[in-house]
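Below is one structure, written out as structure tokens; comments come after it.
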Amino acid sequence: MSDGRSGLQLRSLLKKSGELELSLVDVPTPEPADDEVVVRVEATPINPSDLGLLIGPADMSTAKESGTKDAPVVTAKMPEAAMRMMGGRLDQSLPVGNEGAGVVIRAGSSDAAKALMGNNVSMIGGAMYSQYRTIKVRDVMELPAGTTPTDGASWFVNPLTALGMTETMRRENHKALVHTAAASNLGQMLNKVCIKDGIGLVNIVRSKEQADILHKIGAKYVVDSTADTFMDDLTNALVETGATIAFDAIGGGKLAGQILTCMEIAANKTAKEYSRYGSNVYKQVYIYGSLDNRPTELSRAFGLTWGVGGWLLTPFLQKIGPAEIGRLRQRVASELKTTFASHYTQVVSLQETLQLSNIAIYNKRSTGEKFLINPNKG
């Protein structure tokens, strides 16, 4: 095992020529300042938000492998239309990986830093697909005794997104919520949170297999968007739960509009009187993902009391402030092995992350296929 003075880091480079290049670079590990620690990274997940930076809309049917076994290089063509949106990152070699976990191997001189020496920690802050990471103590969470880096690798993005959704629901005076692509790792977590907290949750999935995953963990309302009875099934679940806010991971196509339409039908079923402007029940869809890159289609059959907007975890956390973030982080720490447990289908090294056969699997973002990188895997 090296002393961590330098280590490999996975980089994504989009060249002005329209070529995406993924490679491993040996980078020096900065010495920790007073309020910093050096972590040997042992577990970091491949989340959809990481794939946006790692691969984005590159045409992976053009992907080629070169380099050596220890230093592989992957190149692929970036479509012309995508290049226009990515002007800000051209010719910059960018590190990847939002969150991760590992062991503190060096510490700065502050008491808070020294207290973490030798301990397992989770961290947030980018560049996690690296063997070593120098990071501020405030961006680190000490893992509870008996918790491994693998247990704590996905402690931030999905758990705080799930809690952020229920928190947004409460703050905006809704009493139940709808979630799409609901059998994902995040979706399963959201179900556990809602079951534990007694919140009504309507899950929208695309297959019987996905519905089975959710029923198995105790989900009550699961509707399949590919079924002929989808609109009726969704409306019935909305009447029963009273859900008037939705978080949509799909983004493109008709689904956001269908959700608003069914919310309006559900509201009118309980309305005391008819209004030609539609119900006065406020209906909100937040788009937080783009599994479908097509335009969002709204066939406006849902009155005029509604909103469609974007929702992202980081701006939400900035809005609620440090004390509330601390409360949410504490909850995640205490339920890491239960409510917020993540499941991985494969653990890969940095080199294996760049094998085309692996990229083909994790870039599909299929339900039940989640990869974990161990940058220090032998």
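Going through the structure tokens in order, the chains are called A, B, and so on, while each chain numbers its residues from 1 and the ligands are numbered from 1 in the order shown.
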
task = Using only C-alpha atoms, determine which residues lie at most 8 Å from stretch 126-140 of chain A, disregarding the query and same-chain residues fewer than 2 positions distant; provide the list as a PyMOL selection string.
result = chain A and resi 4+6-10+29-32+35-42+44+95-100+112-113+121-124+142+350+373+375-376

task = Mind listing the helix (DSSP H, G or I) residues of stretch 235-275 of chain A, per DSSP on the backbone, as a PyMOL selection string?
result = chain A and resi 235-241+255-269

task = Give the answer as one residue: which of A:Ala153, A:Ala33, A:Ala43, A:Ala63 has the shortest atom-to-atom distance to A:Ala360, using only C-alpha atoms?
result =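 Ranked by minimum distance to A:Ala360, first place goes to A:Ala63.
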
message = Just want the 12 Å neighbourhood of A:Leu54, counted on only C-alpha atoms, with same-chain residues fewer than 4 positions away dropped. Output as number ranges by chain.
response = A: 10-14, 20-23, 46-50, 58, 60, 74-76, 89, 93-98, 126-127, 129, 353-354, 359, 362-363

Cut-off 12 Å: closest stretch 163-188 of chain A/stretch 331-347 of chain A atom pairs per residue, using only C-alpha atoms, as a Markdown table:
| residue | atom | partner | partner_atom | distance |
| --- | --- | --- | --- | --- |
| A:Leu163 | CA | A:Val332 | CA | 9.0 |
| A:Gly164 | CA | A:Val332 | CA | 11.9 |
| A:Ser184 | CA | A:Ser342 | CA | 10.3 |
| A:Asn185 | CA | A:Ser342 | CA | 6.6 |
| A:Leu186 | CA | A:Ser342 | CA | 8.7 |
| A:Gly187 | CA | A:Phe340 | CA | 10.9 |
| A:Gln188 | CA | A:Thr339 | CA | 8.9 |

inquiry  = At a cut-off of 9 Å, using only C-alpha atoms, what residues contact stretch 193-203 of chain A? Leave out same-chain residues fewer than 5 positions from it and give the result as a VMD selection string.
reply    = chain A and resid 162 to 163 166 175 to 183 187 to 188 211 214 218 to 224 234 237 to 238 240 to 243 246 339 to 340
